[in-house]
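See below for entry02.pdb, which holds PDB, C-alpha atoms, pLDDT in the B column.
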```
MODEL        1
ATOM      1  CA  MET A   1      32.308  52.463  35.388  1.00 49.00           C
ATOM      2  CA  VAL A   2      32.657  48.671  35.447  1.00 46.00           C
ATOM      3  CA  ILE A   3      29.540  46.711  36.434  1.00 51.00           C
ATOM      4  CA  ASP A   4      30.228  43.470  38.246  1.00 63.00           C
ATOM      5  CA  ARG A   5      27.902  41.013  36.480  1.00 66.00           C
ATOM      6  CA  PRO A   6      27.372  37.425  37.558  1.00 68.00           C
ATOM      7  CA  THR A   7      28.907  34.914  35.187  1.00 73.00           C
ATOM      8  CA  SER A   8      26.906  31.885  36.322  1.00 80.00           C
ATOM      9  CA  PHE A   9      23.604  30.997  37.939  1.00 81.00           C
ATOM     10  CA  ASP A  10      25.420  30.207  41.194  1.00 85.00           C
ATOM     11  CA  ASP A  11      26.816  33.764  41.290  1.00 85.00           C
ATOM     12  CA  LEU A  12      23.341  35.334  41.352  1.00 87.00           C
ATOM     13  CA  PRO A  13      21.980  36.601  44.687  1.00 90.00           C
ATOM     14  CA  LEU A  14      19.055  34.688  46.225  1.00 93.00           C
ATOM     15  CA  THR A  15      16.624  37.373  45.065  1.00 95.00           C
ATOM     16  CA  LEU A  16      16.824  39.727  42.105  1.00 95.00           C
ATOM     17  CA  ARG A  17      15.258  43.088  41.421  1.00 95.00           C
ATOM     18  CA  VAL A  18      13.087  43.099  38.320  1.00 95.00           C
ATOM     19  CA  GLU A  19      15.625  45.417  36.653  1.00 95.00           C
ATOM     20  CA  GLU A  20      18.285  42.733  37.108  1.00 94.00           C
ATOM     21  CA  LEU A  21      16.247  40.351  34.931  1.00 93.00           C
ATOM     22  CA  ILE A  22      16.693  42.624  31.923  1.00 93.00           C
ATOM     23  CA  PRO A  23      20.319  41.721  31.070  1.00 92.00           C
ATOM     24  CA  ILE A  24      19.959  38.143  32.318  1.00 90.00           C
ATOM     25  CA  LEU A  25      17.031  37.350  30.022  1.00 92.00           C
ATOM     26  CA  GLY A  26      17.900  39.873  27.304  1.00 92.00           C
ATOM     27  CA  ILE A  27      14.485  41.549  27.507  1.00 94.00           C
ATOM     28  CA  GLY A  28      13.224  45.082  27.925  1.00 96.00           C
ATOM     29  CA  ARG A  29      12.035  46.734  31.119  1.00 96.00           C
ATOM     30  CA  ASN A  30       8.341  46.610  30.170  1.00 97.00           C
ATOM     31  CA  THR A  31       8.583  42.922  29.275  1.00 97.00           C
ATOM     32  CA  ALA A  32      10.315  42.115  32.567  1.00 97.00           C
ATOM     33  CA  TYR A  33       7.590  43.832  34.591  1.00 96.00           C
ATOM     34  CA  GLU A  34       4.841  42.225  32.484  1.00 97.00           C
ATOM     35  CA  LEU A  35       6.277  38.735  33.072  1.00 97.00           C
ATOM     36  CA  VAL A  36       6.266  39.388  36.811  1.00 97.00           C
ATOM     37  CA  ARG A  37       2.866  41.108  36.824  1.00 96.00           C
ATOM     38  CA  SER A  38       1.253  38.262  34.850  1.00 97.00           C
ATOM     39  CA  GLY A  39       2.733  35.612  37.154  1.00 96.00           C
ATOM     40  CA  GLN A  40       4.839  34.006  34.438  1.00 96.00           C
ATOM     41  CA  ILE A  41       7.836  34.737  36.648  1.00 97.00           C
ATOM     42  CA  ARG A  42       7.108  34.220  40.334  1.00 97.00           C
ATOM     43  CA  SER A  43       7.904  37.151  42.598  1.00 97.00           C
ATOM     44  CA  ILE A  44       7.634  38.165  46.226  1.00 97.00           C
ATOM     45  CA  ARG A  45       7.070  41.546  47.805  1.00 96.00           C
ATOM     46  CA  ILE A  46       9.431  42.606  50.559  1.00 93.00           C
ATOM     47  CA  GLY A  47       8.097  45.847  51.942  1.00 95.00           C
ATOM     48  CA  ARG A  48       7.618  48.042  48.899  1.00 95.00           C
ATOM     49  CA  GLN A  49      10.172  46.161  46.819  1.00 94.00           C
ATOM     50  CA  LEU A  50       9.357  43.467  44.283  1.00 95.00           C
ATOM     51  CA  ARG A  51      11.916  40.656  44.262  1.00 97.00           C
ATOM     52  CA  VAL A  52      12.296  37.578  42.086  1.00 97.00           C
ATOM     53  CA  PRO A  53      13.820  34.453  43.670  1.00 97.00           C
ATOM     54  CA  LYS A  54      16.627  33.185  41.459  1.00 95.00           C
ATOM     55  CA  ASP A  55      15.008  29.746  41.249  1.00 95.00           C
ATOM     56  CA  ALA A  56      11.901  31.437  39.775  1.00 97.00           C
ATOM     57  CA  VAL A  57      14.068  32.573  36.846  1.00 94.00           C
ATOM     58  CA  LEU A  58      15.204  28.990  36.303  1.00 93.00           C
ATOM     59  CA  ASP A  59      11.585  27.759  36.578  1.00 95.00           C
ATOM     60  CA  PHE A  60      10.532  30.293  33.943  1.00 95.00           C
ATOM     61  CA  LEU A  61      13.277  29.248  31.553  1.00 92.00           C
ATOM     62  CA  THR A  62      12.485  25.566  32.074  1.00 92.00           C
ATOM     63  CA  GLN A  63       8.783  26.180  31.312  1.00 91.00           C
ATOM     64  CA  GLN A  64       9.711  27.983  28.100  1.00 86.00           C
ATOM     65  CA  ASN A  65      11.596  24.897  26.867  1.00 78.00           C
ATOM     66  CA  SER A  66       8.710  22.503  27.596  1.00 71.00           C
TER      67      SER A  66
ENDMDL
END
```

Could you take the file, read its structure, and then write that structure out as structure tokens?
Amino acid sequence: MVIDRPTSFDDLPLTLRVEELIPILGIGRNTAYELVRSGQIRSIRIGRQLRVPKDAVLDFLTQQNS
């Protein structure tokens, strides 16, 4: 099975599932959920789903370089 992965930031959807952060940031599942739970990565709840706006990922990465 071939997974169609985005090759650039512009290719990402407007919102990501927390599981989609794992390969993007190269982190584990528990770390991804902890970053969201702690507010280090901004997220929104849509119904029962937790979504991360793609600009929140960029904000997180920018803060890590400061």

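In terms of minimum interatomic distance to A:Arg51, A:Thr15 ranks closest within A:Ser8, A:Thr15, A:Ser66, A:Thr31, counting all atoms listed in the file.
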
Inset, instruction - Decode the PyMOL selection byres ((chain A and resi 52) around 12) for the given file into explicit residues and return them as JSON, numbers by chain. - result: {"A": [12, 13, 14, 15, 16, 17, 18, 19, 20, 21, 32, 33, 35, 36, 37, 39, 40, 41, 42, 43, 44, 45, 46, 49, 50, 51, 53, 54, 55, 56, 57, 58, 59, 60]}

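Atom CA of A:Thr62 sits 21.5 Å away from atom CA of A:Asn30.
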
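In this model, the gap between atom CA of A:Ile27 and atom CA of A:Arg48 comes to 23.4 Å.
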